[in-house]
file entry.tsv (TSV, C-alpha atoms)
chain	number	residue	atom	x	y	z
B	90	MET	CA	-50.58	12.94	-14.82
B	91	GLU	CA	-54.19	13.28	-13.79
B	92	CYS	CA	-55.28	16.88	-13.55
B	93	VAL	CA	-57.00	18.13	-10.42
B	94	ARG	CA	-59.12	21.06	-11.59
B	95	GLY	CA	-60.60	23.81	-9.46
B	96	VAL	CA	-58.82	22.73	-6.27
B	97	LYS	CA	-57.35	25.59	-4.28
B	98	ILE	CA	-56.36	25.15	-0.64
B	99	ARG	CA	-54.39	27.14	1.91
B	100	LEU	CA	-52.96	25.02	4.69
B	101	GLY	CA	-49.76	26.22	6.33
B	102	LYS	CA	-47.28	26.90	3.53
B	103	THR	CA	-49.41	25.30	0.82
B	104	MET	CA	-51.09	27.69	-1.61
B	105	ARG	CA	-52.58	25.69	-4.48
B	106	THR	CA	-52.72	22.30	-6.16
B	107	ILE	CA	-52.98	21.93	-9.94
B	108	CYS	CA	-52.45	18.73	-11.96
B	109	GLY	CA	-50.94	16.81	-9.04
B	110	VAL	CA	-48.38	19.54	-8.36
B	111	ARG	CA	-48.57	21.88	-5.42
B	112	ASP	CA	-46.98	25.28	-4.89
B	113	LEU	CA	-45.01	25.43	-1.66
B	114	ALA	CA	-43.39	28.53	-0.18
B	115	ILE	CA	-40.15	27.61	1.55
B	116	GLN	CA	-38.01	29.73	3.84
B	117	VAL	CA	-34.48	29.32	5.18
B	118	ARG	CA	-32.30	31.39	7.46
B	119	ALA	CA	-28.79	31.73	6.03
B	120	GLU	CA	-25.93	34.16	6.59
B	121	THR	CA	-24.31	35.27	3.36
B	122	ALA	CA	-21.46	37.56	2.31
B	123	VAL	CA	-21.49	40.23	-0.38
B	124	GLY	CA	-22.32	38.68	-3.75
B	125	GLU	CA	-23.64	35.40	-2.32
B	126	THR	CA	-27.14	34.02	-2.90
B	127	VAL	CA	-29.05	31.04	-1.50
B	128	PHE	CA	-30.29	28.32	-3.86
B	129	ILE	CA	-32.24	25.08	-3.47
B	130	SER	CA	-31.63	21.87	-5.39
B	131	GLY	CA	-33.34	18.49	-5.23
B	132	ASN	CA	-34.21	15.21	-6.90
B	133	THR	CA	-37.14	16.49	-8.98
B	134	LEU	CA	-37.06	18.11	-12.41
B	135	GLU	CA	-38.41	21.31	-10.88
B	136	LEU	CA	-35.46	21.47	-8.47
B	137	GLY	CA	-32.87	20.71	-11.13
B	138	GLU	CA	-32.23	17.02	-10.38
B	139	TRP	CA	-29.23	17.95	-8.15
B	140	LYS	CA	-27.55	19.96	-10.92
B	141	VAL	CA	-25.97	23.16	-9.63
B	142	SER	CA	-26.66	24.97	-12.90
B	143	GLU	CA	-30.38	24.16	-12.60
B	144	ALA	CA	-30.81	25.04	-8.92
B	145	ILE	CA	-33.63	27.44	-7.92
B	146	GLN	CA	-32.57	30.84	-6.62
B	147	LEU	CA	-34.15	32.24	-3.45
B	148	VAL	CA	-34.87	35.87	-2.69
B	149	LYS	CA	-33.88	37.62	0.53
B	150	VAL	CA	-37.05	38.84	2.24
B	151	SER	CA	-35.65	39.89	5.62
B	152	ALA	CA	-32.32	41.64	5.99
B	153	GLU	CA	-32.37	41.52	9.80
B	154	GLY	CA	-33.12	37.82	10.10
B	155	ASN	CA	-31.26	36.71	6.95
B	156	ILE	CA	-34.45	35.03	5.69
B	157	TRP	CA	-34.50	33.72	2.11
B	158	GLN	CA	-37.67	32.54	0.37
B	159	THR	CA	-39.04	31.15	-2.87
B	160	VAL	CA	-42.01	29.15	-4.15
B	161	ILE	CA	-41.34	25.68	-5.57
B	162	HIS	CA	-43.60	23.16	-7.28
B	163	VAL	CA	-43.73	19.81	-5.48
B	164	PRO	CA	-45.57	16.65	-6.55
B	165	THR	CA	-48.41	15.45	-4.35
B	166	ASN	CA	-47.65	11.75	-4.79
B	167	GLN	CA	-43.94	11.38	-3.94
B	168	ASN	CA	-41.29	12.45	-1.49
B	169	VAL	CA	-38.97	15.28	-2.46
B	170	LEU	CA	-35.31	15.29	-1.43
B	171	TYR	CA	-33.50	18.61	-1.37
B	172	ARG	CA	-30.52	20.60	-0.09
B	173	TYR	CA	-29.71	24.28	0.25
B	174	LEU	CA	-26.56	25.79	-1.21
B	175	ILE	CA	-24.93	29.22	-1.21
B	176	CYS	CA	-23.50	30.39	-4.53
B	177	THR	CA	-21.84	33.37	-6.12
B	178	VAL	CA	-23.23	33.98	-9.60
B	179	VAL	CA	-20.33	34.85	-11.92
B	180	ASP	CA	-20.10	35.79	-15.57
B	181	ASN	CA	-18.25	32.94	-17.31
B	182	GLU	CA	-17.65	33.83	-20.97
B	183	GLY	CA	-20.98	35.63	-21.19
B	184	LYS	CA	-22.98	32.99	-19.32
B	185	PRO	CA	-24.01	33.01	-15.65
B	186	GLU	CA	-22.13	30.43	-13.61
B	187	ASN	CA	-23.20	29.28	-10.14
B	188	VAL	CA	-19.99	28.94	-8.16
B	189	VAL	CA	-20.79	26.91	-5.05
B	190	ARG	CA	-19.39	28.50	-1.91
B	191	TYR	CA	-21.10	26.21	0.62
B	192	TRP	CA	-23.67	23.43	0.48
B	193	GLU	CA	-25.46	21.22	2.96
B	194	SER	CA	-23.52	17.96	3.02
B	195	HIS	CA	-25.46	15.76	5.44
B	196	LEU	CA	-25.31	12.10	4.49
B	197	ARG	CA	-29.08	12.15	4.01
B	198	PRO	CA	-30.60	15.24	2.35
B	199	ARG	CA	-33.69	17.03	3.61
B	200	ILE	CA	-37.01	15.39	2.75
B	201	LEU	CA	-40.46	16.75	2.01
B	202	ARG	CA	-43.29	14.22	2.28
B	203	PRO	CA	-46.75	14.98	0.90
B	204	ILE	CA	-48.17	14.70	4.40
B	205	ASP	CA	-45.78	17.43	5.58
B	206	TYR	CA	-47.46	20.13	3.54
B	207	ILE	CA	-50.96	18.73	3.70
B	208	ASP	CA	-51.14	19.24	7.45
B	209	GLY	CA	-49.26	22.57	7.35
B	210	LYS	CA	-45.88	21.34	8.61
B	211	GLY	CA	-42.60	22.82	7.49
B	212	ASP	CA	-40.96	25.21	9.92
B	213	LEU	CA	-38.33	27.77	9.01
B	214	ASP	CA	-35.17	25.92	7.94
B	215	VAL	CA	-31.69	26.93	9.06
B	216	PHE	CA	-28.91	26.54	6.53
B	217	GLY	CA	-26.53	23.73	7.38
B	218	TYR	CA	-28.64	22.29	10.18
B	219	GLN	CA	-30.89	19.27	10.32
B	220	GLY	CA	-32.08	19.24	13.89
B	221	ASP	CA	-28.97	19.72	16.03
B	222	SER	CA	-26.65	18.30	13.37
B	223	GLU	CA	-24.60	20.81	11.38
B	224	CYS	CA	-22.85	19.70	8.20
B	225	VAL	CA	-21.62	22.16	5.57
B	226	ALA	CA	-19.03	21.60	2.85
B	227	LYS	CA	-17.34	23.92	0.37
B	228	GLY	CA	-17.80	23.70	-3.38
B	229	TRP	CA	-15.56	22.24	-6.08
B	230	LEU	CA	-13.09	23.58	-8.63
B	231	THR	CA	-15.08	22.79	-11.76
B	232	SER	CA	-15.07	26.22	-13.38
B	233	GLU	CA	-12.97	28.67	-11.37
B	234	THR	CA	-9.24	28.76	-10.63
B	235	VAL	CA	-7.69	29.12	-7.17
B	236	VAL	CA	-4.54	31.21	-6.74
B	237	GLN	CA	-2.69	30.94	-3.44
B	238	LEU	CA	-0.14	33.52	-2.29
B	239	LYS	CA	1.98	32.03	0.50
B	240	MET	CA	4.01	34.19	2.87
B	241	PHE	CA	6.43	32.60	5.34
B	242	ASN	CA	10.03	32.79	6.65
B	243	SER	CA	10.03	36.58	7.10
B	244	PRO	CA	8.63	37.42	3.64
B	245	VAL	CA	8.46	41.20	4.24
B	246	THR	CA	11.59	43.32	4.42
B	247	ILE	CA	11.11	47.00	5.32
B	248	TRP	CA	14.08	49.24	4.56
B	249	LYS	CA	12.66	52.49	5.90
B	250	ARG	CA	13.81	52.92	9.50
B	251	ARG	CA	10.69	54.59	10.85
B	252	TYR	CA	8.61	51.52	9.99
B	253	ARG	CA	10.99	48.70	10.94
B	254	ASP	CA	9.82	48.13	14.51
B	255	LYS	CA	6.14	48.92	13.90
B	256	ARG	CA	3.23	46.50	13.68
B	257	VAL	CA	2.38	45.99	10.01
B	258	SER	CA	-0.69	44.45	8.37
B	259	ILE	CA	-1.06	43.08	4.84
B	260	HIS	CA	-4.14	43.36	2.63
B	261	VAL	CA	-4.55	41.75	-0.81
B	262	SER	CA	-7.06	42.98	-3.41
B	263	THR	CA	-7.68	42.08	-7.05
B	264	ILE	CA	-7.51	44.21	-10.17
B	265	ASP	CA	-9.06	43.23	-13.49
B	266	ILE	CA	-6.40	44.40	-15.92
B	267	THR	CA	-8.73	43.95	-18.91
B	268	ARG	CA	-11.10	46.67	-17.70
B	269	LYS	CA	-10.70	50.08	-19.32
B	270	ASP	CA	-10.96	51.82	-15.98
B	271	SER	CA	-8.44	49.59	-14.22
B	272	VAL	CA	-5.62	52.13	-14.71
B	273	THR	CA	-7.78	54.85	-13.18
B	274	ASP	CA	-8.58	52.55	-10.27
B	275	ILE	CA	-4.90	51.85	-9.64
B	276	ILE	CA	-3.93	55.52	-9.77
B	277	GLY	CA	-6.74	56.40	-7.40
B	278	MET	CA	-5.65	53.76	-4.92
B	279	GLU	CA	-2.03	54.90	-5.07
B	280	GLU	CA	-3.06	58.44	-4.20
B	281	ASP	CA	-5.55	57.41	-1.54
B	282	SER	CA	-3.90	56.09	1.62
B	283	THR	CA	-7.22	55.25	3.29
B	284	LEU	CA	-8.06	52.07	1.37
B	285	THR	CA	-11.03	50.29	2.87
B	286	GLU	CA	-12.24	47.37	0.80
B	287	GLY	CA	-9.93	47.52	-2.21
B	288	ILE	CA	-11.00	47.75	-5.80
B	289	ASN	CA	-13.28	44.74	-5.75
B	290	THR	CA	-16.51	45.38	-3.84
B	291	ARG	CA	-18.82	43.07	-5.79
B	292	GLY	CA	-17.96	39.82	-4.02
B	293	TRP	CA	-15.94	38.38	-6.91
B	294	PRO	CA	-13.11	37.48	-7.20
B	295	ILE	CA	-13.14	36.04	-3.69
B	296	VAL	CA	-10.13	36.80	-1.48
B	297	GLU	CA	-9.68	34.88	1.77
B	298	VAL	CA	-6.79	34.48	4.19
B	299	ALA	CA	-5.65	31.87	6.71
B	300	GLN	CA	-2.80	31.54	9.20
B	301	MET	CA	-1.40	28.06	9.61
B	302	ASN	CA	-1.78	27.90	13.38
B	303	ASP	CA	-4.21	26.42	15.92
B	304	THR	CA	-6.76	29.24	15.66
B	305	GLY	CA	-6.52	30.81	12.19
B	306	TYR	CA	-6.17	27.81	9.91
B	307	GLN	CA	-9.59	28.17	8.27
B	308	PHE	CA	-9.89	30.52	5.30
B	309	ALA	CA	-11.96	33.60	6.06
B	310	PRO	CA	-12.54	37.04	4.48
B	311	GLN	CA	-10.01	39.77	5.23
B	312	ASN	CA	-10.91	42.63	7.47
B	313	GLN	CA	-10.57	46.24	6.39
B	314	PHE	CA	-6.80	46.43	6.83
B	315	GLY	CA	-5.91	42.82	6.16
B	316	ILE	CA	-4.04	40.55	8.55
B	317	LEU	CA	-1.34	41.51	11.03
B	318	TYR	CA	2.09	40.49	9.84
B	319	ASP	CA	4.11	38.08	11.95
B	320	PRO	CA	7.45	37.04	10.38
B	321	THR	CA	7.25	33.65	12.14
B	322	GLU	CA	3.78	32.75	10.86
B	323	TYR	CA	2.80	30.92	7.66
B	324	VAL	CA	0.05	32.94	5.93
B	325	ILE	CA	-1.89	31.97	2.80
B	326	PHE	CA	-4.03	34.37	0.78
B	327	GLN	CA	-6.44	32.37	-1.40
B	328	ILE	CA	-8.17	33.95	-4.39
B	329	GLN	CA	-10.89	32.40	-6.58
B	330	VAL	CA	-10.94	33.75	-10.14
B	331	MET	CA	-12.41	32.78	-13.50
B	332	GLU	CA	-9.63	34.09	-15.72
B	333	PRO	CA	-6.30	34.13	-13.83
B	334	ASN	CA	-4.49	35.72	-16.79
B	335	SER	CA	-6.67	38.84	-16.49
B	336	ILE	CA	-6.28	39.38	-12.73
B	337	ALA	CA	-3.45	41.23	-10.98
B	338	TYR	CA	-3.02	41.48	-7.22
B	339	MET	CA	-2.37	44.60	-5.21
B	340	VAL	CA	-0.72	44.05	-1.84
B	341	ASP	CA	-1.12	46.96	0.58
B	342	PHE	CA	0.87	47.51	3.78
B	343	TYR	CA	-0.36	49.36	6.87
B	344	VAL	CA	1.42	50.48	10.02
B	345	HIS	CA	-0.62	50.18	13.24
B	346	ASP	CA	0.82	53.06	15.23
B	347	SER	CA	-2.48	54.74	16.16
B	348	ASP	CA	-6.22	54.12	16.20
B	349	ILE	CA	-6.34	54.46	12.42
B	350	PRO	CA	-3.69	52.40	10.58
B	351	GLU	CA	-1.45	54.32	8.19
B	352	HIS	CA	-1.07	53.14	4.60
B	353	ILE	CA	2.70	53.08	3.97
B	354	GLY	CA	3.13	51.24	0.69
B	355	PHE	CA	2.03	48.69	-1.86
B	356	CYS	CA	3.25	46.31	-4.55
B	357	TYR	CA	1.73	44.54	-7.55
B	358	ILE	CA	1.83	40.89	-8.50
B	359	LEU	CA	0.99	40.56	-12.19
B	360	PRO	CA	-0.09	37.44	-14.12
B	361	SER	CA	3.25	37.63	-15.95
B	362	ASN	CA	5.00	37.13	-12.60
B	363	MET	CA	3.28	33.75	-12.21
B	364	ARG	CA	3.94	31.90	-15.45
B	365	ASP	CA	4.24	28.43	-13.94
B	366	THR	CA	1.91	26.38	-11.76
B	367	SER	CA	4.04	27.25	-8.73
B	368	GLY	CA	7.01	29.44	-8.00
B	369	THR	CA	8.34	32.46	-6.11
B	370	CYS	CA	7.86	36.19	-6.71
B	371	ASN	CA	10.11	38.89	-5.25
B	372	MET	CA	8.37	42.24	-5.59
B	373	PRO	CA	9.56	45.73	-4.53
B	374	ILE	CA	7.32	47.63	-2.10
B	375	SER	CA	6.69	51.23	-3.19
B	376	GLY	CA	5.98	54.00	-0.72
B	377	LYS	CA	3.42	56.75	-1.06
B	378	ARG	CA	5.89	58.83	-3.07
B	379	GLN	CA	6.70	55.91	-5.38
B	380	GLN	CA	10.09	55.33	-3.73
B	381	PRO	CA	11.10	51.76	-2.79
B	382	ILE	CA	10.73	51.11	0.93
B	383	GLY	CA	11.05	47.32	1.07
B	384	GLN	CA	10.55	43.97	-0.59
B	385	LEU	CA	7.96	41.18	-0.50
B	386	SER	CA	8.77	37.53	-1.19
B	387	VAL	CA	5.75	35.35	-2.07
B	388	ASP	CA	5.42	31.71	-3.06
B	389	TYR	CA	2.45	31.11	-5.35
B	390	LEU	CA	0.39	28.09	-6.36
B	391	ILE	CA	-2.19	28.03	-9.17
B	392	VAL	CA	-4.86	25.29	-9.01
B	393	ARG	CA	-6.89	25.09	-12.20
B	394	PRO	CA	-10.37	23.54	-12.53
B	395	MET	CA	-11.09	19.96	-13.47
B	396	LYS	CA	-12.31	20.19	-17.05
B	397	ASP	CA	-15.29	18.12	-18.21
B	398	ILE	CA	-16.05	17.10	-14.62
B	399	VAL	CA	-19.60	17.81	-13.41
B	400	CYS	CA	-20.25	17.64	-9.68
B	401	ASP	CA	-23.78	17.49	-8.32
B	402	LEU	CA	-25.42	17.57	-4.89
B	403	SER	CA	-26.94	14.10	-4.82
B	404	VAL	CA	-24.23	12.38	-2.79
B	405	THR	CA	-21.89	13.84	-0.22
B	406	TYR	CA	-18.35	12.68	0.38
B	407	THR	CA	-17.77	15.17	3.14
B	408	LYS	CA	-14.68	15.11	5.33
B	409	HIS	CA	-15.29	14.11	8.93
B	410	TRP	CA	-12.40	15.56	10.92
B	411	LYS	CA	-13.45	15.59	14.53
B	412	SER	CA	-12.14	18.24	16.88
B	413	LEU	CA	-9.10	17.01	18.74
B	414	GLU	CA	-9.07	18.21	22.34
B	415	LYS	CA	-6.70	15.93	24.24
B	416	ASN	CA	-5.77	12.96	22.11
B	417	GLY	CA	-3.48	13.27	19.14
B	418	LEU	CA	-4.26	12.15	15.61
B	419	ASP	CA	-2.90	8.72	14.66
B	420	VAL	CA	-0.94	8.89	11.43
B	421	GLY	CA	1.07	6.39	9.43
B	422	HIS	CA	4.86	6.44	9.48
B	423	ARG	CA	7.44	4.71	7.33
B	424	GLY	CA	10.06	4.64	10.05
B	425	ALA	CA	13.62	5.86	9.62
B	426	GLY	CA	16.13	4.73	7.03
B	427	ASN	CA	16.42	4.86	3.28
B	428	ALA	CA	14.59	3.44	0.31
B	429	ARG	CA	17.80	1.77	-0.91
B	430	ARG	CA	20.62	0.21	1.04
B	431	ASN	CA	23.66	2.38	1.58
B	432	ASP	CA	26.15	3.19	4.29
B	433	LYS	CA	23.93	5.77	6.07
B	434	VAL	CA	21.56	5.43	9.05
B	435	GLU	CA	23.23	2.25	10.27
B	436	ASN	CA	22.27	0.50	7.03
B	437	VAL	CA	18.55	0.57	7.98
B	438	LEU	CA	15.89	0.26	5.30
B	439	GLU	CA	12.54	2.04	5.62
B	440	ASN	CA	9.30	0.06	5.91
B	441	THR	CA	10.96	-2.55	8.10
B	442	ILE	CA	10.69	-3.49	11.77
B	443	ALA	CA	14.23	-2.25	12.26
B	444	SER	CA	13.34	1.16	10.83
B	445	PHE	CA	10.41	1.59	13.23
B	446	ASN	CA	12.56	0.57	16.18
B	447	TYR	CA	15.25	3.01	15.06
B	448	ALA	CA	12.69	5.85	14.79
B	449	ALA	CA	11.26	5.07	18.24
B	450	LYS	CA	14.70	5.16	19.88
B	451	HIS	CA	15.75	8.43	18.29
B	452	VAL	CA	12.56	10.46	18.84
B	453	SER	CA	12.31	10.28	22.61
B	454	LYS	CA	9.52	12.82	23.08
B	455	PHE	CA	7.17	10.68	20.98
B	456	LYS	CA	8.43	7.37	22.30
B	457	ASN	CA	5.59	6.82	24.77
B	458	ASN	CA	2.97	7.34	22.04
B	459	PHE	CA	4.74	5.23	19.44
B	460	LYS	CA	2.66	2.28	18.27
B	461	LEU	CA	3.46	-0.45	15.79
call {"tool": "encode", "arguments": {"input": "entry.tsv", "output": "structure tokens"}}
result
Amino acid sequence: MECVRGVKIRLGKTMRTICGVRDLAIQVRAETAVGETVFISGNTLELGEWKVSEAIQLVKVSAEGNIWQTVIHVPTNQNVLYRYLICTVVDNEGKPENVVRYWESHLRPRILRPIDYIDGKGDLDVFGYQGDSECVAKGWLTSETVVQLKMFNSPVTIWKRRYRDKRVSIHVSTIDITRKDSVTDIIGMEEDSTLTEGINTRGWPIVEVAQMNDTGYQFAPQNQFGILYDPTEYVIFQIQVMEPNSIAYMVDFYVHDSDIPEHIGFCYILPSNMRDTSGTCNMPISGKRQQPIGQLSVDYLIVRPMKDIVCDLSVTYTKHWKSLEKNGLDVGHRGAGNARRNDKVENVLENTIASFNYAAKHVSKFKNNFKL
């Protein structure tokens, strides 16, 4: 590379040019949660060549405007492609691990052309947006494990009469059982009925919740007292952890009978209760005086990372599910009938014209929308 000596210019965001490489201060507006940090990755060696582990970390310079900034080195003779990502930096066996929470997943990444920073261009970026187009995807399970706690079909049974007809909310928090102070933490939480954010306040492990209905189906952080319990709803608590065998879960229950919810009880779900990939746990709910006041039934699912798989940011395979306002979603159907011939369902085999006709006749409310 030919060296350009003694050249120092200040145009827009450009600060200096040395040896065909120019320093460029970039800024992006991004909303982050506790423990999350903004990174930048691109197609150059300086930007990590799309590798998450080599991405450049930004620094928050404005709390009010959620402005993140860093200085990168860009070549003066080629275009630079880049994307922003939001990560949680986690200790993984003594090494820092960038766990991708969200990343910009536009089909075409952002581009910096040499002319853009020669003439001072380069406005403040907004995370997830290129012009009016927003496209953000979640990360991958390449290092962490996801544990899902599923509650449905009236999973909570309250035996104590004074709480039976009250509105109850459920909050899940994590406990690192390998920490020396974990026992002290648990005892303190049992004695304190005014739990706010649980034991974990560092942003990891990540606990999110979703209700499988039209409005709450996307995973989101819990509020202070968790989610209101509805015995008819299907609720999933999703937790991201590095070492699932070292994490226990504390489930707290609150009664909403006044302006300030009352903490009425709790139960623990230990790693030893979840030995298989999936299963069911039935845990007793203890009251404030350690007496049993009810029972919680939880189905669990453990999704472990894909070993030896490295995902990068160069290509996006984002999902494109458009919002459905009036029209339904067309899905495939195998018709009615059975895989093998028997004496049931009028001797109809699935995947045949007869099976589709049979299904259309016997599901009248969908008959008008049935297409073959």
call {"tool": "atom_distance", "arguments": {"input": "entry.tsv", "atom1": "CA of Lys396 (chain B)", "atom2": "CA of Pro294 (chain B)"}}
result
19.9 Å
call {"tool": "closest_residue", "arguments": {"input": "entry.tsv", "among": "B:Gly292, B:Gly131, B:Pro244, B:Pro373", "to": "Val169 (chain B)", "atoms": "only C-alpha atoms"}}
result
B:Gly131
call {"tool": "closest_residue", "arguments": {"input": "entry.tsv", "among": "B:Glu182, B:Glu135, B:Asp388, B:Glu125", "to": "Asp112 (chain B)", "atoms": "all atoms listed in the file"}}
result
B:Glu135
call {"tool": "residues_around", "arguments": {"input": "entry.tsv", "residues": "Val150 (chain B)", "least_positions_apart": "2", "cutoff": "12 Å", "atoms": "only C-alpha atoms", "output": "list in words"}}
result
Ile115, Gln116, Val117, Arg118, Ala119, Val127, Leu147, Val148, Ala152, Glu153, Gly154, Asn155, Ile156, Trp157, Gln158 and Thr159 of chain B
call {"tool": "write_last_selection", "arguments": {"input": "entry.tsv", "atoms": "C-alpha atoms", "output": "PDB file, in the frame of the given file"}}
result
ATOM      1  CA  ILE B 115     -40.150  27.610   1.550  1.00  0.00           C
ATOM      2  CA  GLN B 116     -38.010  29.730   3.840  1.00  0.00           C
ATOM      3  CA  VAL B 117     -34.480  29.320   5.180  1.00  0.00           C
ATOM      4  CA  ARG B 118     -32.300  31.390   7.460  1.00  0.00           C
ATOM      5  CA  ALA B 119     -28.790  31.730   6.030  1.00  0.00           C
ATOM      6  CA  VAL B 127     -29.050  31.040  -1.500  1.00  0.00           C
ATOM      7  CA  LEU B 147     -34.150  32.240  -3.450  1.00  0.00           C
ATOM      8  CA  VAL B 148     -34.870  35.870  -2.690  1.00  0.00           C
ATOM      9  CA  ALA B 152     -32.320  41.640   5.990  1.00  0.00           C
ATOM     10  CA  GLU B 153     -32.370  41.520   9.800  1.00  0.00           C
ATOM     11  CA  GLY B 154     -33.120  37.820  10.100  1.00  0.00           C
ATOM     12  CA  ASN B 155     -31.260  36.710   6.950  1.00  0.00           C
ATOM     13  CA  ILE B 156     -34.450  35.030   5.690  1.00  0.00           C
ATOM     14  CA  TRP B 157     -34.500  33.720   2.110  1.00  0.00           C
ATOM     15  CA  GLN B 158     -37.670  32.540   0.370  1.00  0.00           C
ATOM     16  CA  THR B 159     -39.040  31.150  -2.870  1.00  0.00           C
TER      17      THR B 159
END
call {"tool": "closest_residue", "arguments": {"input": "entry.tsv", "among": "B:Val399, B:Ala114, B:Ile353, B:Ile391", "to": "Gln379 (chain B)", "atoms": "all atoms listed in the file"}}
result
B:Ile353
call {"tool": "atom_distance", "arguments": {"input": "entry.tsv", "atom1": "CA of Phe241 (chain B)", "atom2": "CA of Leu390 (chain B)"}}
result
13.9 Å
call {"tool": "closest_residue", "arguments": {"input": "entry.tsv", "among": "B:Trp229, B:Val344, B:Ser361, B:Val215", "to": "Arg251 (chain B)", "atoms": "all atoms listed in the file"}}
result
B:Val344
call {"tool": "atom_distance", "arguments": {"input": "entry.tsv", "atom1": "CA of Gly124 (chain B)", "atom2": "CA of Ile175 (chain B)"}}
result
10.1 Å
call {"tool": "residues_near_point", "arguments": {"input": "entry.tsv", "point": "(-2.0, 28.3, 14.9)", "cutoff": "12 Å", "atoms": "all atoms listed in the file", "output": "PyMOL selection string"}}
result
chain B and resi 299-307+319+321-324
call {"tool": "closest_residue", "arguments": {"input": "entry.tsv", "among": "B:Trp293, B:Phe308, B:Tyr389, B:Trp139", "to": "Thr177 (chain B)", "atoms": "only C-alpha atoms"}}
result
B:Trp293
call {"tool": "closest_residue", "arguments": {"input": "entry.tsv", "among": "B:Ser243, B:Gln146, B:Ile266, B:Gln311", "to": "Val160 (chain B)", "atoms": "only C-alpha atoms"}}
result
B:Gln146
call {"tool": "build_atoms", "arguments": {"input": "entry.tsv", "residues": "region 172-185 of chain B", "atoms": "N, CA and C atoms", "output": "compact mmCIF listing (two decimals), in the coordinates of the input"}}
result
# COMPACT_ATOMS: atom_id res chain seq x y z
N ARG B 172 -31.58 19.97 -0.88
CA ARG B 172 -30.52 20.60 -0.09
C ARG B 172 -30.47 22.08 -0.44
N TYR B 173 -29.98 22.87 0.51
CA TYR B 173 -29.71 24.28 0.25
C TYR B 173 -28.23 24.45 -0.07
N LEU B 174 -27.94 25.45 -0.90
CA LEU B 174 -26.56 25.79 -1.21
C LEU B 174 -26.42 27.30 -1.33
N ILE B 175 -25.23 27.79 -1.08
CA ILE B 175 -24.93 29.22 -1.21
C ILE B 175 -23.94 29.38 -2.36
N CYS B 176 -24.31 30.22 -3.33
CA CYS B 176 -23.50 30.39 -4.53
C CYS B 176 -23.19 31.86 -4.77
N THR B 177 -22.13 32.07 -5.52
CA THR B 177 -21.84 33.37 -6.12
C THR B 177 -22.05 33.23 -7.62
N VAL B 178 -22.93 34.05 -8.17
CA VAL B 178 -23.23 33.98 -9.60
C VAL B 178 -22.22 34.84 -10.35
N VAL B 179 -21.44 34.20 -11.24
CA VAL B 179 -20.33 34.85 -11.92
C VAL B 179 -20.53 34.77 -13.42
N ASP B 180 -20.06 35.79 -14.11
CA ASP B 180 -20.10 35.79 -15.57
C ASP B 180 -18.94 34.93 -16.08
N ASN B 181 -19.26 33.84 -16.76
CA ASN B 181 -18.25 32.94 -17.31
C ASN B 181 -18.41 32.91 -18.82
N GLU B 182 -17.60 33.72 -19.51
CA GLU B 182 -17.65 33.83 -20.97
C GLU B 182 -19.05 34.18 -21.45
N GLY B 183 -19.67 35.14 -20.78
CA GLY B 183 -20.98 35.63 -21.19
C GLY B 183 -22.16 34.86 -20.64
N LYS B 184 -21.91 33.79 -19.89
CA LYS B 184 -22.98 32.99 -19.32
C LYS B 184 -22.90 33.01 -17.80
N PRO B 185 -24.05 33.05 -17.12
CA PRO B 185 -24.01 33.01 -15.65
C PRO B 185 -23.56 31.64 -15.14
